[in-house]
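What follows is target.cif (mmCIF, C-alpha atoms and all ligand atoms).
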```cif
data_work
loop_
_atom_site.label_atom_id
_atom_site.label_comp_id
_atom_site.auth_asym_id
_atom_site.auth_seq_id
_atom_site.Cartn_x
_atom_site.Cartn_y
_atom_site.Cartn_z
CA MET A 72 -37.37 -22.74 2.69
CA VAL A 73 -34.96 -24.95 0.81
CA GLU A 74 -35.49 -28.69 0.83
CA VAL A 75 -32.16 -30.43 1.05
CA SER A 76 -32.48 -33.86 -0.47
CA LYS A 77 -30.16 -36.73 0.38
CA ASP A 78 -28.62 -36.65 -3.08
CA VAL A 79 -27.95 -32.95 -2.83
CA LEU A 80 -26.35 -33.47 0.56
CA LYS A 81 -24.19 -36.23 -0.80
CA SER A 82 -22.96 -34.07 -3.70
CA LEU A 83 -22.39 -31.26 -1.25
CA ILE A 84 -20.15 -33.40 0.89
CA GLU A 85 -18.29 -34.91 -2.00
CA GLY A 86 -17.63 -31.46 -3.30
CA LYS A 87 -19.55 -32.09 -6.51
CA LEU A 88 -22.03 -29.33 -6.05
CA PRO A 89 -21.21 -25.99 -7.65
CA TRP A 90 -20.31 -23.47 -4.97
CA PRO A 91 -23.31 -21.14 -5.61
CA ASP A 92 -25.61 -24.05 -4.76
CA VAL A 93 -23.70 -24.74 -1.56
CA LYS A 94 -24.01 -21.09 -0.67
CA GLU A 95 -27.73 -21.19 -1.27
CA ILE A 96 -28.20 -24.23 0.89
CA THR A 97 -26.09 -22.99 3.77
CA SER A 98 -27.45 -19.46 3.67
CA ALA A 99 -31.11 -20.32 3.25
CA PRO A 100 -33.46 -21.55 5.94
CA ILE A 101 -32.81 -25.17 6.76
CA LYS A 102 -35.16 -26.81 9.18
CA ASP A 103 -33.41 -30.09 8.86
CA SER A 104 -30.68 -29.37 11.35
CA ASP A 105 -29.64 -33.02 11.74
CA ARG A 106 -28.65 -33.05 8.15
CA PHE A 107 -26.68 -29.87 8.54
CA ASP A 108 -24.95 -31.34 11.60
CA LYS A 109 -23.98 -34.37 9.59
CA TYR A 110 -22.61 -32.21 6.81
CA ILE A 111 -20.46 -30.25 9.27
CA GLU A 112 -19.36 -33.46 10.94
CA ILE A 113 -18.04 -34.85 7.68
CA LEU A 114 -16.25 -31.61 6.85
CA GLN A 115 -14.77 -31.61 10.33
CA GLU A 116 -13.33 -35.08 9.85
CA ARG A 117 -11.59 -33.93 6.69
CA VAL A 118 -9.62 -31.03 8.13
CA PRO A 119 -6.37 -31.52 10.07
CA TRP A 120 -7.27 -29.12 12.90
CA GLU A 121 -9.68 -29.16 15.84
CA ASP A 122 -11.42 -25.79 15.71
CA ARG A 123 -15.15 -26.16 15.33
CA ILE A 124 -16.41 -25.49 11.82
CA LEU A 125 -19.42 -23.18 11.96
CA LEU A 126 -19.93 -22.72 8.24
CA PRO A 127 -18.04 -23.46 5.05
CA ILE A 128 -17.68 -20.36 2.89
CA GLY A 129 -15.80 -21.98 0.03
CA PRO A 130 -14.62 -25.42 -1.00
CA HIS A 131 -11.43 -25.00 1.07
CA LEU A 132 -12.45 -22.19 3.39
CA PHE A 133 -14.40 -22.19 6.65
CA ILE A 134 -15.64 -19.95 9.39
CA VAL A 135 -14.55 -21.64 12.61
CA GLU A 136 -14.97 -21.06 16.30
CA LYS A 137 -11.71 -21.12 18.19
CA GLU A 138 -11.36 -22.25 21.78
CA ASN A 139 -11.36 -18.63 23.01
CA GLY A 140 -14.68 -18.04 21.23
CA GLU A 141 -13.18 -16.02 18.38
CA ARG A 142 -14.69 -16.67 14.97
CA VAL A 143 -12.16 -16.64 12.23
CA VAL A 144 -11.85 -17.61 8.59
CA LYS A 145 -9.59 -20.63 8.24
CA CYS A 146 -8.17 -22.45 5.24
CA GLU A 147 -8.27 -26.21 5.04
CA CYS A 148 -4.48 -26.18 5.62
CA GLY A 149 -4.85 -24.33 8.92
CA HIS A 150 -3.95 -20.83 7.76
CA GLU A 151 -6.09 -18.23 9.55
CA PHE A 152 -7.37 -15.06 7.95
CA GLY A 153 -8.67 -13.48 11.16
CA ASP A 154 -12.10 -12.16 12.15
CA TYR A 155 -14.73 -13.51 9.74
CA ARG A 156 -16.40 -10.11 9.64
CA VAL A 157 -13.41 -8.68 7.77
CA ASN A 158 -13.16 -9.61 4.10
CA TRP A 159 -10.54 -12.38 4.15
CA LYS A 160 -9.55 -11.60 0.57
CA LEU A 161 -7.63 -8.57 1.81
CA LYS A 162 -5.24 -10.94 3.59
CA ALA A 163 -4.90 -13.40 0.75
CA LEU A 164 -2.30 -13.43 -1.98
CA ILE A 165 -3.85 -11.71 -4.97
CA TYR A 166 -2.91 -12.28 -8.57
CA VAL A 167 -4.46 -9.82 -10.98
CA ARG A 168 -4.85 -10.64 -14.64
CA ASP A 169 -5.01 -7.22 -16.21
CA ASP A 170 -3.26 -7.52 -19.55
CA GLU A 171 -3.64 -9.51 -22.76
CA GLU A 172 -0.91 -11.97 -21.89
CA LYS A 173 -2.20 -12.84 -18.44
CA LEU A 174 -5.75 -13.16 -19.72
CA GLU A 175 -4.59 -15.30 -22.62
CA GLU A 176 -3.45 -17.96 -20.11
CA ILE A 177 -6.99 -18.56 -18.95
CA TYR A 178 -8.86 -17.44 -22.07
CA PRO A 179 -6.79 -18.98 -24.84
CA GLY A 180 -8.13 -18.14 -28.28
CA VAL A 181 -10.11 -15.28 -29.62
CA TRP A 182 -12.45 -13.97 -26.98
CA LYS A 183 -11.30 -12.49 -23.73
CA PRO A 184 -12.37 -9.60 -21.54
CA ASP A 185 -10.97 -6.23 -22.57
CA PRO A 186 -8.05 -5.61 -20.18
CA GLU A 187 -8.55 -1.88 -20.61
CA ILE A 188 -11.73 -2.04 -18.58
CA TRP A 189 -11.86 -5.47 -16.97
CA GLU A 190 -9.66 -7.54 -14.70
CA ILE A 191 -9.65 -10.96 -13.12
CA ARG A 192 -8.44 -11.33 -9.55
CA GLU A 193 -7.36 -14.66 -8.15
CA PHE A 194 -7.08 -15.12 -4.41
CA TYR A 195 -4.66 -17.66 -2.96
CA CYS A 196 -3.92 -18.94 0.53
CA PRO A 197 -0.56 -17.50 1.65
CA SER A 198 0.35 -20.79 3.37
CA CYS A 199 -0.70 -23.60 1.03
CA GLY A 200 -1.17 -21.74 -2.23
CA THR A 201 -4.66 -23.09 -2.86
CA GLN A 202 -6.78 -20.89 -5.08
CA LEU A 203 -9.67 -19.88 -2.84
CA GLU A 204 -11.69 -17.52 -4.98
CA VAL A 205 -11.75 -15.75 -8.33
CA GLU A 206 -13.54 -12.55 -9.16
CA SER A 207 -14.01 -10.85 -12.47
CA VAL A 208 -14.64 -7.13 -12.13
CA PRO A 209 -14.27 -3.75 -13.81
CA LYS A 210 -10.83 -2.26 -13.17
CA GLY A 211 -10.59 -0.43 -9.88
CA TYR A 212 -13.71 -2.05 -8.49
CA PRO A 213 -13.42 -2.65 -4.71
CA ILE A 214 -12.59 -6.20 -3.65
CA ILE A 215 -15.90 -8.01 -3.29
CA PHE A 216 -16.93 -9.33 0.11
CA ASP A 217 -18.76 -12.41 -1.16
CA PHE A 218 -20.52 -13.72 1.84
CA LEU A 219 -20.94 -12.35 5.34
CA PRO A 220 -23.32 -14.77 7.02
CA ASP A 221 -25.28 -13.89 10.11
CA ILE A 222 -24.01 -16.94 11.98
CA ASP A 223 -25.82 -16.30 15.23
CA SER A 224 -29.20 -16.00 13.53
CA PHE A 225 -28.45 -18.99 11.36
CA TYR A 226 -27.68 -21.17 14.38
CA SER A 227 -30.36 -19.87 16.70
CA GLU A 228 -33.24 -19.19 14.32
CA TRP A 229 -32.74 -21.73 11.59
CA LEU A 230 -31.02 -24.58 13.35
CA GLY A 231 -32.55 -23.90 16.76
CA LYS A 232 -29.12 -24.35 18.37
CA PRO A 233 -27.73 -21.04 19.55
CA LEU A 234 -23.95 -20.86 19.82
CA ARG A 235 -22.27 -20.47 23.21
CA THR A 236 -21.16 -16.92 22.44
CA SER A 237 -22.55 -14.31 20.13
CA VAL A 238 -20.83 -11.55 18.23
CA GLU A 239 -22.07 -8.36 16.67
CA PHE A 240 -23.19 -8.97 13.09
CA LYS A 241 -21.29 -6.30 11.27
CA ASP A 242 -18.99 -5.89 8.30
CA LYS A 243 -15.69 -4.84 9.89
CA THR A 244 -13.73 -4.64 6.65
CA TYR A 245 -13.64 -0.87 6.60
CA GLU A 246 -12.31 -0.71 10.17
CA PHE A 247 -9.60 -3.16 9.19
CA ILE A 248 -8.61 -1.13 6.15
CA LYS A 249 -8.52 2.04 8.22
CA GLU A 250 -6.22 0.46 10.78
CA GLU A 251 -3.97 -1.18 8.22
CA TRP A 252 -3.50 1.62 5.77
CA GLU A 253 -4.37 4.82 7.50
CA GLY A 254 -3.40 4.52 11.01
ZN ZN B 1 -4.22 -22.84 2.96
#
```
Could you write out this file's structure as structure tokens?
Ligand SMILES: [Zn+2]
Amino acid sequence: MVEVSKDVLKSLIEGKLPWPDVKEITSAPIKDSDRFDKYIEILQERVPWEDRILLPIGPHLFIVEKENGERVVKCECGHEFGDYRVNWKLKALIYVRDDEEKLEEIYPGVWKPDPEIWEIREFYCPSCGTQLEVESVPKGYPIIFDFLPDIDSFYSEWLGKPLRTSVEFKDKTYEFIKEEWEG
């Protein structure tokens, strides 16, 4: 169990906490559900839309519950990436740094990854252009699905507040790819 101190919560809300720490806090058992509620409340006040935030999955990215019960990934600006069980990165704008020149822009100077074997992928929101995630991987490596949280278990088991609907906890990325590209 992770103890979430007031200071940590404050940094979390102000966006000062490195994202891996946020991920640890929101994906680990939290018994202090009031504190979590407060965190969500503050995030909710900061976004321009009404859909209920279930969980932040990045500094500008959230899993939300829409009025019809659907759970989708949504950017701060309102852009929706669809079902949260499909890797949202597949629907983002992707910029790949895979040669010396493109790598030089972010690694000026001597050392940089070898573009023969390594690439850096940047994922942007198609509507507002915010950079949402960066991954550094060997060339040809499948796009990483960073975080598929079991939201129903998180709400019912850890927060003790089950959500009004439940969905099957399943990575649906492959189904999406099949539909998009094969059929
Ligand atoms: Zn956006």
Name the residues, by chain letter and number, that sit within 7 Å of ligand ZN 1 (chain B) using only C-alpha atoms and all ligand atoms, and give them as a list in words.
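Sorted by chain and then by number, the residues are Cys146, Glu147, Cys148, Gly149, His150, Cys196, Pro197, Ser198, Cys199, Gly200 and Thr201 of chain A.
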Write out as number ranges by chain which residues come within 12 Å of Glu172 of chain A when counting only C-alpha atoms, dropping same-chain ones fewer than 6 positions away.
A: 178-180, 183-186
Would you pick out the contacts of Tyr166 of chain A at 7 Å or less, using only C-alpha atoms, so that residues sharing its chain but fewer than 5 positions from it are not included, and give the list as a list in words?
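Returned residues: Arg192, Glu193 and Phe194 of chain A.
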Report, in Å to a single decimal, how far apart atom CA of Leu203 of chain A and atom CA of Thr236 of chain A are.
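Here the two named atoms are 27.9 Å from each other.
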Per residue of segment 104-164 of chain A within 12 Å of segment 228-234 of chain A, record the nearest atom pair and its distance in Å to one decimal, counting all atoms listed in the file, with rows in chain order and ascending residue number, as a tab-separated table.
```
residue	atom	partner	partner_atom	distance
A:Ser104	CA	A:Leu230	CA	5.2
A:Asp105	CA	A:Leu230	CA	8.7
A:Arg106	CA	A:Leu230	CA	10.2
A:Phe107	CA	A:Leu230	CA	8.4
A:Asp108	CA	A:Leu230	CA	9.3
A:Arg123	CA	A:Leu234	CA	11.2
A:Ile124	CA	A:Leu234	CA	11.9
A:Leu125	CA	A:Leu234	CA	9.4
A:Val135	CA	A:Leu234	CA	11.9
A:Glu136	CA	A:Leu234	CA	9.6
A:Gly140	CA	A:Leu234	CA	9.8
A:Glu141	CA	A:Leu234	CA	11.9
A:Arg142	CA	A:Leu234	CA	11.3
```
Take the selection from the previous step and output its residues with C-alpha atoms, as a PDB file, in the frame of the given file.
```
ATOM      1  CA  SER A 104     -30.680 -29.370  11.350  1.00  0.00           C
ATOM      2  CA  ASP A 105     -29.640 -33.020  11.740  1.00  0.00           C
ATOM      3  CA  ARG A 106     -28.650 -33.050   8.150  1.00  0.00           C
ATOM      4  CA  PHE A 107     -26.680 -29.870   8.540  1.00  0.00           C
ATOM      5  CA  ASP A 108     -24.950 -31.340  11.600  1.00  0.00           C
ATOM      6  CA  ARG A 123     -15.150 -26.160  15.330  1.00  0.00           C
ATOM      7  CA  ILE A 124     -16.410 -25.490  11.820  1.00  0.00           C
ATOM      8  CA  LEU A 125     -19.420 -23.180  11.960  1.00  0.00           C
ATOM      9  CA  VAL A 135     -14.550 -21.640  12.610  1.00  0.00           C
ATOM     10  CA  GLU A 136     -14.970 -21.060  16.300  1.00  0.00           C
ATOM     11  CA  GLY A 140     -14.680 -18.040  21.230  1.00  0.00           C
ATOM     12  CA  GLU A 141     -13.180 -16.020  18.380  1.00  0.00           C
ATOM     13  CA  ARG A 142     -14.690 -16.670  14.970  1.00  0.00           C
TER      14      ARG A 142
END
```
Please provide as a PyMOL selection string all residues within 7 Å of Thr244 of chain A, with the sequence filter that same-chain residues fewer than 3 positions apart are discarded (counting only C-alpha atoms).
chain A and resi 156-158+247-248
One-decimal distance in Å that lies between atom CA of Lys145 of chain A and atom CA of Phe133 of chain A
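According to the coordinates, atom CA of Phe133 of chain A and atom CA of Lys145 of chain A are separated by 5.3 Å.
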Just how far from atom CA of Phe216 of chain A is atom CA of Glu116 of chain A, in Å to one decimal?
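Atom-to-atom, atom CA of Glu116 of chain A to atom CA of Phe216 of chain A, that is 27.8 Å.
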May I have the residues within 12 Å of Arg117 of chain A as an NGL selection string, using only C-alpha atoms and disregarding those fewer than 2 positions away in the same chain?
:A and (84-86 or 110-115 or 119-121 or 124 or 130-131 or 147-149)
Kindly add N, CA and C atoms to the incomplete segment 175-199 of chain A and provide the output as a JSON list (two decimals), keeping the file's coordinate frame.
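Printed below is rebuild22.json as written:
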```
[["chain", "number", "residue", "atom", "x", "y", "z"],
["A", 175, "GLU", "N", -4.74, -14.25, -21.60],
["A", 175, "GLU", "CA", -4.59, -15.30, -22.62],
["A", 175, "GLU", "C", -4.39, -16.68, -21.96],
["A", 176, "GLU", "N", -3.72, -16.70, -20.80],
["A", 176, "GLU", "CA", -3.45, -17.96, -20.11],
["A", 176, "GLU", "C", -4.74, -18.68, -19.69],
["A", 177, "ILE", "N", -5.75, -17.90, -19.35],
["A", 177, "ILE", "CA", -6.99, -18.56, -18.95],
["A", 177, "ILE", "C", -8.09, -18.45, -20.00],
["A", 178, "TYR", "N", -7.92, -17.53, -20.95],
["A", 178, "TYR", "CA", -8.86, -17.44, -22.07],
["A", 178, "TYR", "C", -8.11, -17.62, -23.38],
["A", 179, "PRO", "N", -7.54, -18.81, -23.60],
["A", 179, "PRO", "CA", -6.79, -18.98, -24.84],
["A", 179, "PRO", "C", -7.74, -18.89, -26.04],
["A", 180, "GLY", "N", -7.28, -18.24, -27.10],
["A", 180, "GLY", "CA", -8.13, -18.14, -28.28],
["A", 180, "GLY", "C", -8.56, -16.72, -28.53],
["A", 181, "VAL", "N", -9.70, -16.59, -29.13],
["A", 181, "VAL", "CA", -10.11, -15.28, -29.62],
["A", 181, "VAL", "C", -10.69, -14.38, -28.55],
["A", 182, "TRP", "N", -11.74, -14.86, -27.89],
["A", 182, "TRP", "CA", -12.45, -13.97, -26.98],
["A", 182, "TRP", "C", -11.81, -13.88, -25.61],
["A", 183, "LYS", "N", -11.67, -12.69, -25.13],
["A", 183, "LYS", "CA", -11.30, -12.49, -23.73],
["A", 183, "LYS", "C", -11.79, -11.12, -23.29],
["A", 184, "PRO", "N", -11.91, -10.93, -21.98],
["A", 184, "PRO", "CA", -12.37, -9.60, -21.54],
["A", 184, "PRO", "C", -11.36, -8.53, -21.96],
["A", 185, "ASP", "N", -11.84, -7.33, -22.19],
["A", 185, "ASP", "CA", -10.97, -6.23, -22.57],
["A", 185, "ASP", "C", -10.18, -5.75, -21.34],
["A", 186, "PRO", "N", -8.85, -5.97, -21.36],
["A", 186, "PRO", "CA", -8.05, -5.61, -20.18],
["A", 186, "PRO", "C", -8.00, -4.11, -19.90],
["A", 187, "GLU", "N", -8.48, -3.32, -20.86],
["A", 187, "GLU", "CA", -8.55, -1.88, -20.61],
["A", 187, "GLU", "C", -9.60, -1.56, -19.55],
["A", 188, "ILE", "N", -10.65, -2.37, -19.51],
["A", 188, "ILE", "CA", -11.73, -2.04, -18.58],
["A", 188, "ILE", "C", -12.03, -3.15, -17.57],
["A", 189, "TRP", "N", -11.46, -4.31, -17.77],
["A", 189, "TRP", "CA", -11.86, -5.47, -16.97],
["A", 189, "TRP", "C", -10.64, -6.16, -16.39],
["A", 190, "GLU", "N", -10.77, -6.73, -15.21],
["A", 190, "GLU", "CA", -9.66, -7.54, -14.70],
["A", 190, "GLU", "C", -10.17, -8.74, -13.93],
["A", 191, "ILE", "N", -9.31, -9.75, -13.86],
["A", 191, "ILE", "CA", -9.65, -10.96, -13.12],
["A", 191, "ILE", "C", -8.70, -11.06, -11.95],
["A", 192, "ARG", "N", -9.27, -11.23, -10.75],
["A", 192, "ARG", "CA", -8.44, -11.33, -9.55],
["A", 192, "ARG", "C", -8.54, -12.73, -8.98],
["A", 193, "GLU", "N", -7.39, -13.32, -8.73],
["A", 193, "GLU", "CA", -7.36, -14.66, -8.15],
["A", 193, "GLU", "C", -6.80, -14.54, -6.74],
["A", 194, "PHE", "N", -7.47, -15.21, -5.82],
["A", 194, "PHE", "CA", -7.08, -15.12, -4.41],
["A", 194, "PHE", "C", -6.54, -16.47, -3.94],
["A", 195, "TYR", "N", -5.33, -16.43, -3.38],
["A", 195, "TYR", "CA", -4.66, -17.66, -2.96],
["A", 195, "TYR", "C", -4.35, -17.63, -1.47],
["A", 196, "CYS", "N", -4.35, -18.81, -0.86],
["A", 196, "CYS", "CA", -3.92, -18.94, 0.53],
["A", 196, "CYS", "C", -2.42, -18.69, 0.62],
["A", 197, "PRO", "N", -1.99, -17.80, 1.52],
["A", 197, "PRO", "CA", -0.56, -17.50, 1.65],
["A", 197, "PRO", "C", 0.24, -18.70, 2.17],
["A", 198, "SER", "N", -0.41, -19.66, 2.83],
["A", 198, "SER", "CA", 0.35, -20.79, 3.37],
["A", 198, "SER", "C", 0.42, -21.98, 2.42],
["A", 199, "CYS", "N", -0.72, -22.38, 1.85],
["A", 199, "CYS", "CA", -0.70, -23.60, 1.03],
["A", 199, "CYS", "C", -0.82, -23.32, -0.46]]
```
